[in-house]
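Engineer: My questions will all concern the structure given below.
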Amino acid sequence: MLSGKNILLGITGGIAAYKTTFLVRLLIKAGANVKVILTESASSFVSPLTLATLSKNPVVSSFVKTEEHTTDWNNHVEMGLWADLMLVAPATANTLSKMANGSCDNLLLATYLSAKCPVFFAPAMDLDMYKHESTKVSFEKLTAFGNIMIPATSGELASGLHGEGRMAEPEDIVAFVSDYLSKGLPLSGKKVLITAGPTYEAIDPVRFVGNHSTGLMGFELAEAAADLGAHVVLVSGPSHLTTKNGNIDLKRVVSADEMYAASHEVYDEVDVAICAAAVADYRPKTVADQKIKKSDSELSIALTKNKDILFSLGAKKKKQFLVGFALETENEEANAKGKLQRKNLDAIVLNSLNDPGAGFGTKTNKIRFIDKNLTIKTFELKTKAEVASDIWNEIIPRIHA
Ligand code: CTP
């Protein structure tokens with residue numbers, strides 16, 4: 001959820017500030033871009049150099065840049081607009097009260113007032129301060145503004161007292177923010193299976209029967225689904241591609257039999273399955289133990305049929321919305337419709353090799369999306385990332401209907 005997100009972390013002056021070094025690490029590990037604003041008192045608790053090193057960005061704390069004779073200043077409006085989300089952690093009683101009342105006497109507060117993105121705050125203070133009526137008023141006002149509170153937890157406090165007021169642990173803050181962001185997304189809570197790439201069917205230890213699929217279409221479908229909030233299991237045949245979104249569980253396989261097994265292992269749990277793999281229809285009947293030596297005579301390799309993964313998923317379909325691909329050269333629509341019905345699909349994505357730039361081995365694709373009412377929607381030639389997004393735009397309303 002946090003991958004590629006611009007996160008502005010505002011750190012205020014409480015002992016829990018020392019934990020923000022771990023928080024920055026976790027945000028960076030989750031793929032976020034992090035910029036840190038420290039209040040002056042926060043820099044007594046945590047070093048700007050540590051935070052700058054971990055966040056890979058300069059840490060700022062005053063309006064004016066510190067070099068001598070500079071006219072340059074830290075632009076709170078620009079920082080506020082840069083941020084996809086702002087997180088104030090730890091948020092002291094003092095800063096929360098100022099945020100609630102529109103005070104603007106430091107860079108963090110000015111940036112807060114300029115930010116248009118969601119703002120999260122993780123309070124940290126002693127238990128009596130946490131319970132004080134004025135603090136409660138700050139919480140109420142800030143949540144009424146639409147800011148999101150990450151509640152403090154109970155435990156031992158820096159004062160030695162026990163009670164509510166400990167800042168949530170960095171792992172919990174990251175989980176809280178990720179959960180919050182995923183809730184509004186159309187595939188939040190959904191599990192998706194995607195098959196991608198070619199399969200290699202062994203002839204002997206060094207040779208195989210395969211095809212030119214790169215896996216790009218399936219990988220783009222997986223990234224798009226994960227960006228829309230889904231948890232994705234991507235079962236891919238041999239491919240050089242890697243995944244970006246942490247919500248994709250990539251299972252690499254080689255043969256059609258392995259792809260069949262990996263797909264069936266998760267199928268019962270998924271809400272949507274898309275078979276985008278270019279599965280080899282046949283495999284050598286026997287696999288030689290040793291490398292086959294050349295001879296002067298002809299060589300014939302007997303092939304036997306592979307299981308049709310998509311067909312088998314259609315046969316045991318219950319709640320799943322099942323989508324197949326059809327790559328055709330003639331009678332395209334009639335063939336694709338036939339496959340949709342024969343394999344018990346909810347939709348089929350048709351590529352025609354008669355369309356330049358479509359099919360596999362290309363960075364682009366041109367598709368027709370056919371649903372089970374046999375309604376056809378035709379799309380222009382686009383990048384495979386754009387095609388993936390078009391396909392999800394067709395699937396989402398149908399699974400929510
Ligand atoms: N597919 C599959 N397992 C196979 C073969 C195909 O899951 N062993 C899936 C593909 O991932 C694709 C769809 O079935 O989603 C269409 O495959 P295709 O090879 O075009 O169709 P076939 O039914 O095999 O017919 P034909 O090869 O005759 O066109």
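Order determines the names: the first chain of the structure tokens is A, the second B, and so forth; residues in each chain are numbered 1 upward, and ligands are numbered 1 upward as they are shown.
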Give the residue list for ligand 1 at 10 Å, counting only C-alpha atoms and all ligand atoms, as a count of residues only, sorted by chain and then by residue number.
Structural biologist: 52
Engineer: When DSSP works through the backbone of this structure, what residues of region 38-175 of chain A end up as strand (DSSP E), shown as a list in words?
Structural biologist: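 Output for region 38-175 of chain A, strand (DSSP E) only: Leu38, Leu85, Met86, Leu87, Val88, Ala89, Pro90, Ala91, Val119, Phe120, Phe121, Ala122, Pro123, Ile148, Met149, Thr153, Ser154, Gly155, Glu156, His162, Gly163, Glu164, Gly165 and Arg166 of chain A.
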Engineer: Mind pulling up the distance from CA of His231 (chain A) to CA of Asp271 (chain A)?
Structural biologist: 10.2 Å
Engineer: Let me make sure I understand: among A:Gly215, A:Gly246, A:Gly10, A:Gly229, which one has the smallest atom-to-atom distance to Ser182 (chain A) if we use only C-alpha atoms?
Structural biologist: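 Among the listed residues, the smallest separation from Ser182 (chain A) belongs to A:Gly229.
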Engineer: Need the shell around Ser188 (chain A): protein/DNA/RNA residues with any atom at most 10 Å away, counting only C-alpha atoms. Skip same-chain ones fewer than 5 positions apart. Format as a ChimeraX atom specification?
Structural biologist: /A:179,181-183,225-231
Engineer: Could you give me, as a ChimeraX atom specification, each residue of region 160-303 of chain A that DSSP assigns to alpha helix (DSSP H) when run on this structure's backbone?
Structural biologist: /A:170-183,216-227,256-267
Engineer: Create the file for the chosen residues now, containing N, CA, C and O atoms and written as a short mmCIF file (atom, residue, chain, number, x, y, z; two decimals), in the first residue's frame.
Structural biologist:
```cif
data_model
loop_
_atom_site.label_atom_id
_atom_site.label_comp_id
_atom_site.auth_asym_id
_atom_site.auth_seq_id
_atom_site.Cartn_x
_atom_site.Cartn_y
_atom_site.Cartn_z
N PRO A 170 6.22 1.32 15.96
CA PRO A 170 6.40 1.62 14.52
C PRO A 170 5.73 0.61 13.59
O PRO A 170 5.08 1.00 12.61
N GLU A 171 5.85 -0.69 13.89
CA GLU A 171 5.22 -1.72 13.02
C GLU A 171 3.70 -1.51 12.99
O GLU A 171 3.06 -1.67 11.94
N ASP A 172 3.13 -1.17 14.16
CA ASP A 172 1.68 -0.99 14.23
C ASP A 172 1.24 0.28 13.51
O ASP A 172 0.16 0.33 12.92
N ILE A 173 2.09 1.31 13.56
CA ILE A 173 1.76 2.55 12.84
C ILE A 173 1.73 2.26 11.34
O ILE A 173 0.79 2.65 10.63
N VAL A 174 2.74 1.53 10.85
CA VAL A 174 2.80 1.22 9.41
C VAL A 174 1.60 0.37 9.00
O VAL A 174 0.95 0.63 7.99
N ALA A 175 1.26 -0.64 9.85
CA ALA A 175 0.11 -1.51 9.54
C ALA A 175 -1.18 -0.70 9.55
O ALA A 175 -2.05 -0.87 8.68
N PHE A 176 -1.31 0.22 10.51
CA PHE A 176 -2.52 1.04 10.63
C PHE A 176 -2.71 1.89 9.37
O PHE A 176 -3.79 1.92 8.78
N VAL A 177 -1.64 2.55 8.96
CA VAL A 177 -1.72 3.45 7.79
C VAL A 177 -2.03 2.63 6.53
O VAL A 177 -2.89 3.00 5.73
N SER A 178 -1.35 1.47 6.38
CA SER A 178 -1.58 0.62 5.19
C SER A 178 -3.03 0.14 5.15
O SER A 178 -3.67 0.20 4.09
N ASP A 179 -3.52 -0.34 6.30
CA ASP A 179 -4.91 -0.83 6.34
C ASP A 179 -5.88 0.29 5.97
O ASP A 179 -6.82 0.09 5.20
N TYR A 180 -5.63 1.46 6.54
CA TYR A 180 -6.52 2.59 6.28
C TYR A 180 -6.56 2.92 4.78
O TYR A 180 -7.62 3.11 4.20
N LEU A 181 -5.37 2.94 4.17
CA LEU A 181 -5.30 3.31 2.75
C LEU A 181 -5.98 2.26 1.87
O LEU A 181 -6.58 2.57 0.85
N SER A 182 -5.86 0.98 2.29
CA SER A 182 -6.40 -0.08 1.42
C SER A 182 -7.92 -0.16 1.50
O SER A 182 -8.56 -0.64 0.58
N LYS A 183 -8.49 0.35 2.60
CA LYS A 183 -9.95 0.17 2.78
C LYS A 183 -10.78 0.82 1.69
O LYS A 183 -11.78 0.28 1.27
N LEU A 216 4.68 -10.37 -19.44
CA LEU A 216 4.38 -8.96 -19.13
C LEU A 216 2.90 -8.70 -18.84
O LEU A 216 2.56 -8.00 -17.88
N MET A 217 2.00 -9.26 -19.66
CA MET A 217 0.56 -8.99 -19.47
C MET A 217 0.11 -9.44 -18.08
O MET A 217 -0.58 -8.73 -17.35
N GLY A 218 0.53 -10.66 -17.69
CA GLY A 218 0.13 -11.19 -16.38
C GLY A 218 0.74 -10.39 -15.24
O GLY A 218 0.08 -10.11 -14.24
N PHE A 219 2.02 -9.98 -15.40
CA PHE A 219 2.67 -9.19 -14.34
C PHE A 219 1.97 -7.83 -14.19
O PHE A 219 1.77 -7.34 -13.08
N GLU A 220 1.59 -7.22 -15.32
CA GLU A 220 0.90 -5.92 -15.24
C GLU A 220 -0.48 -6.09 -14.59
O GLU A 220 -0.92 -5.23 -13.83
N LEU A 221 -1.16 -7.19 -14.90
CA LEU A 221 -2.47 -7.44 -14.25
C LEU A 221 -2.28 -7.60 -12.74
O LEU A 221 -3.12 -7.13 -11.96
N ALA A 222 -1.18 -8.25 -12.34
CA ALA A 222 -0.92 -8.46 -10.91
C ALA A 222 -0.63 -7.13 -10.23
O ALA A 222 -1.17 -6.83 -9.16
N GLU A 223 0.23 -6.29 -10.84
CA GLU A 223 0.56 -4.99 -10.24
C GLU A 223 -0.70 -4.13 -10.10
O GLU A 223 -0.92 -3.50 -9.07
N ALA A 224 -1.51 -4.12 -11.17
CA ALA A 224 -2.72 -3.29 -11.14
C ALA A 224 -3.66 -3.76 -10.03
O ALA A 224 -4.21 -2.94 -9.29
N ALA A 225 -3.83 -5.08 -9.89
CA ALA A 225 -4.73 -5.61 -8.86
C ALA A 225 -4.22 -5.26 -7.47
O ALA A 225 -4.99 -4.84 -6.60
N ALA A 226 -2.90 -5.40 -7.27
CA ALA A 226 -2.34 -5.09 -5.95
C ALA A 226 -2.48 -3.60 -5.65
O ALA A 226 -2.81 -3.20 -4.53
N ASP A 227 -2.27 -2.76 -6.67
CA ASP A 227 -2.44 -1.31 -6.46
C ASP A 227 -3.89 -0.97 -6.14
O ASP A 227 -4.17 0.05 -5.52
N ALA A 256 3.87 -26.85 -17.16
CA ALA A 256 2.42 -26.72 -17.05
C ALA A 256 1.90 -27.50 -15.84
O ALA A 256 0.98 -27.03 -15.15
N ASP A 257 2.50 -28.65 -15.57
CA ASP A 257 2.07 -29.44 -14.41
C ASP A 257 2.29 -28.67 -13.12
O ASP A 257 1.44 -28.68 -12.22
N GLU A 258 3.44 -27.99 -13.02
CA GLU A 258 3.71 -27.19 -11.81
C GLU A 258 2.75 -26.01 -11.72
O GLU A 258 2.29 -25.66 -10.64
N MET A 259 2.45 -25.39 -12.86
CA MET A 259 1.51 -24.25 -12.85
C MET A 259 0.12 -24.72 -12.43
O MET A 259 -0.57 -24.04 -11.68
N TYR A 260 -0.26 -25.89 -12.91
CA TYR A 260 -1.55 -26.48 -12.55
C TYR A 260 -1.64 -26.66 -11.03
O TYR A 260 -2.60 -26.24 -10.38
N ALA A 261 -0.59 -27.27 -10.46
CA ALA A 261 -0.59 -27.55 -9.02
C ALA A 261 -0.61 -26.26 -8.21
O ALA A 261 -1.40 -26.11 -7.26
N ALA A 262 0.23 -25.28 -8.59
CA ALA A 262 0.31 -24.02 -7.82
C ALA A 262 -1.01 -23.24 -7.91
O ALA A 262 -1.43 -22.60 -6.94
N SER A 263 -1.69 -23.32 -9.06
CA SER A 263 -2.96 -22.59 -9.23
C SER A 263 -4.05 -23.23 -8.40
O SER A 263 -4.82 -22.54 -7.71
N HIS A 264 -4.12 -24.58 -8.43
CA HIS A 264 -5.17 -25.26 -7.67
C HIS A 264 -4.95 -25.13 -6.17
O HIS A 264 -5.92 -25.14 -5.41
N GLU A 265 -3.69 -24.95 -5.75
CA GLU A 265 -3.40 -24.83 -4.32
C GLU A 265 -4.12 -23.62 -3.71
O GLU A 265 -4.53 -23.66 -2.57
N VAL A 266 -4.26 -22.54 -4.47
CA VAL A 266 -4.86 -21.32 -3.89
C VAL A 266 -6.27 -21.04 -4.41
O VAL A 266 -6.95 -20.15 -3.89
N TYR A 267 -6.72 -21.79 -5.41
CA TYR A 267 -7.95 -21.42 -6.14
C TYR A 267 -9.18 -21.30 -5.23
O TYR A 267 -9.99 -20.38 -5.38
#
```
Engineer: Set the distance at 10 Å and use only C-alpha atoms: which residues neighbour Leu113 (chain A) once local chain neighbours fewer than 5 positions away are removed? I'd like the list as a short mmCIF file (atom, residue, chain, number, x, y, z; two decimals) with N, CA, C and O atoms, in the first residue's frame.
Structural biologist:
```
data_model
loop_
_atom_site.label_atom_id
_atom_site.label_comp_id
_atom_site.auth_asym_id
_atom_site.auth_seq_id
_atom_site.Cartn_x
_atom_site.Cartn_y
_atom_site.Cartn_z
N HIS A 76 7.01 25.33 2.95
CA HIS A 76 6.02 24.44 3.58
C HIS A 76 4.87 24.11 2.63
O HIS A 76 4.29 23.03 2.68
N VAL A 77 4.57 25.04 1.70
CA VAL A 77 3.46 24.79 0.77
C VAL A 77 3.85 23.67 -0.19
O VAL A 77 3.09 22.71 -0.41
N GLY A 80 3.87 20.38 1.63
CA GLY A 80 2.49 19.94 1.87
C GLY A 80 1.87 19.34 0.61
O GLY A 80 1.14 18.35 0.67
N MET A 99 -2.11 22.18 16.47
CA MET A 99 -2.75 21.74 15.21
C MET A 99 -4.26 21.97 15.28
O MET A 99 -4.89 22.40 14.32
N GLY A 102 -4.98 25.85 14.96
CA GLY A 102 -4.49 26.65 13.83
C GLY A 102 -3.23 27.45 14.13
O GLY A 102 -2.92 28.38 13.38
N SER A 103 -2.53 27.13 15.22
CA SER A 103 -1.26 27.84 15.47
C SER A 103 -0.25 27.46 14.39
O SER A 103 -0.34 26.38 13.82
N CYS A 104 0.70 28.37 14.19
CA CYS A 104 1.60 28.15 13.05
C CYS A 104 2.98 28.71 13.37
O CYS A 104 3.53 29.46 12.59
N LEU A 107 7.81 25.16 11.39
CA LEU A 107 7.69 24.64 10.01
C LEU A 107 6.71 23.46 9.94
O LEU A 107 5.94 23.33 8.99
N LEU A 108 6.74 22.61 10.97
CA LEU A 108 5.84 21.44 10.95
C LEU A 108 4.38 21.89 10.92
O LEU A 108 3.57 21.37 10.14
#
```
Engineer: Residues near Thr12 (chain A), anyone? I mean within 7 Å using only C-alpha atoms, not counting same-chain ones fewer than 6 positions away, as a list in words.
Structural biologist: Leu38, Thr39, Ser41, Ala42, Ala89, Pro90, Ala91 and Thr92 of chain A
Engineer: Residues as selected, all heavy atoms, written as an mmCIF file, in the first residue's frame, can you do that?
Structural biologist:
```
data_model
loop_
_atom_site.group_PDB
_atom_site.id
_atom_site.type_symbol
_atom_site.label_atom_id
_atom_site.label_comp_id
_atom_site.auth_asym_id
_atom_site.auth_seq_id
_atom_site.Cartn_x
_atom_site.Cartn_y
_atom_site.Cartn_z
ATOM 1 N N LEU A 38 11.383 17.999 11.605
ATOM 2 C CA LEU A 38 11.540 17.891 13.063
ATOM 3 C C LEU A 38 11.144 19.224 13.693
ATOM 4 O O LEU A 38 11.483 20.278 13.156
ATOM 5 C CB LEU A 38 13.014 17.694 13.413
ATOM 6 C CG LEU A 38 13.696 16.357 13.274
ATOM 7 C CD1 LEU A 38 15.147 16.492 13.729
ATOM 8 C CD2 LEU A 38 13.012 15.325 14.134
ATOM 9 N N THR A 39 10.492 19.183 14.855
ATOM 10 C CA THR A 39 10.392 20.433 15.609
ATOM 11 C C THR A 39 11.726 20.612 16.324
ATOM 12 O O THR A 39 12.516 19.672 16.443
ATOM 13 C CB THR A 39 9.245 20.398 16.649
ATOM 14 O OG1 THR A 39 9.520 19.343 17.564
ATOM 15 C CG2 THR A 39 7.896 20.208 15.993
ATOM 16 N N SER A 41 12.419 20.979 19.460
ATOM 17 C CA SER A 41 12.621 20.134 20.651
ATOM 18 C C SER A 41 12.794 18.662 20.271
ATOM 19 O O SER A 41 13.452 17.911 20.984
ATOM 20 C CB SER A 41 11.489 20.315 21.653
ATOM 21 O OG SER A 41 10.266 19.981 21.066
ATOM 22 N N ALA A 42 12.235 18.235 19.123
ATOM 23 C CA ALA A 42 12.393 16.830 18.724
ATOM 24 C C ALA A 42 13.858 16.502 18.475
ATOM 25 O O ALA A 42 14.311 15.382 18.726
ATOM 26 C CB ALA A 42 11.571 16.540 17.477
ATOM 27 N N ALA A 89 4.279 11.835 14.280
ATOM 28 C CA ALA A 89 4.571 10.777 15.247
ATOM 29 C C ALA A 89 5.978 10.978 15.813
ATOM 30 O O ALA A 89 6.912 11.047 15.019
ATOM 31 C CB ALA A 89 4.467 9.391 14.580
ATOM 32 N N PRO A 90 6.162 11.056 17.083
ATOM 33 C CA PRO A 90 5.110 11.164 18.079
ATOM 34 C C PRO A 90 4.470 12.554 18.010
ATOM 35 O O PRO A 90 5.131 13.521 17.654
ATOM 36 C CB PRO A 90 5.867 10.984 19.400
ATOM 37 C CG PRO A 90 7.254 11.446 19.114
ATOM 38 C CD PRO A 90 7.519 11.114 17.679
ATOM 39 N N ALA A 91 3.192 12.599 18.358
ATOM 40 C CA ALA A 91 2.484 13.881 18.401
ATOM 41 C C ALA A 91 2.305 14.239 19.879
ATOM 42 O O ALA A 91 1.603 13.533 20.604
ATOM 43 C CB ALA A 91 1.140 13.758 17.703
ATOM 44 N N THR A 92 2.983 15.302 20.316
ATOM 45 C CA THR A 92 2.884 15.701 21.729
ATOM 46 C C THR A 92 1.579 16.456 21.969
ATOM 47 O O THR A 92 0.955 16.970 21.029
ATOM 48 C CB THR A 92 4.056 16.618 22.112
ATOM 49 O OG1 THR A 92 4.009 17.758 21.235
ATOM 50 C CG2 THR A 92 5.393 15.914 21.990
#
```
Engineer: Give me, as number ranges by chain, all polymer residues having an atom no more than 8 Å from Phe360 (chain A), counting only C-alpha atoms and skipping those fewer than 6 positions away in the same chain.
Structural biologist: A: 212-214
Engineer: Restricting the output to N, CA, C and O atoms, write the selected residues as a compact mmCIF listing (two decimals), in the first residue's frame.
Structural biologist:
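The new file again-v3.txt reads:
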```txt
# COMPACT_ATOMS: atom_id res chain seq x y z
N HIS A 212 7.47 -17.85 -26.76
CA HIS A 212 8.12 -16.55 -26.58
C HIS A 212 7.42 -15.63 -25.58
O HIS A 212 7.75 -14.45 -25.49
N SER A 213 6.47 -16.13 -24.82
CA SER A 213 5.78 -15.25 -23.86
C SER A 213 6.78 -14.68 -22.85
O SER A 213 7.64 -15.40 -22.34
N THR A 214 6.64 -13.36 -22.54
CA THR A 214 7.54 -12.73 -21.55
C THR A 214 6.89 -12.69 -20.17
O THR A 214 7.56 -12.45 -19.17
```
Engineer: Could you please determine the separation between CA of Asp371 (chain A) and CA of Gln320 (chain A) in Å, to one decimal place?
Structural biologist: 14.4 Å
Engineer: I want to know what sits within 10 Å of Asn101 (chain A), based on only C-alpha atoms, with residues of the same chain fewer than 4 positions away left out; could you give that as a count of residues only?
Structural biologist: 6
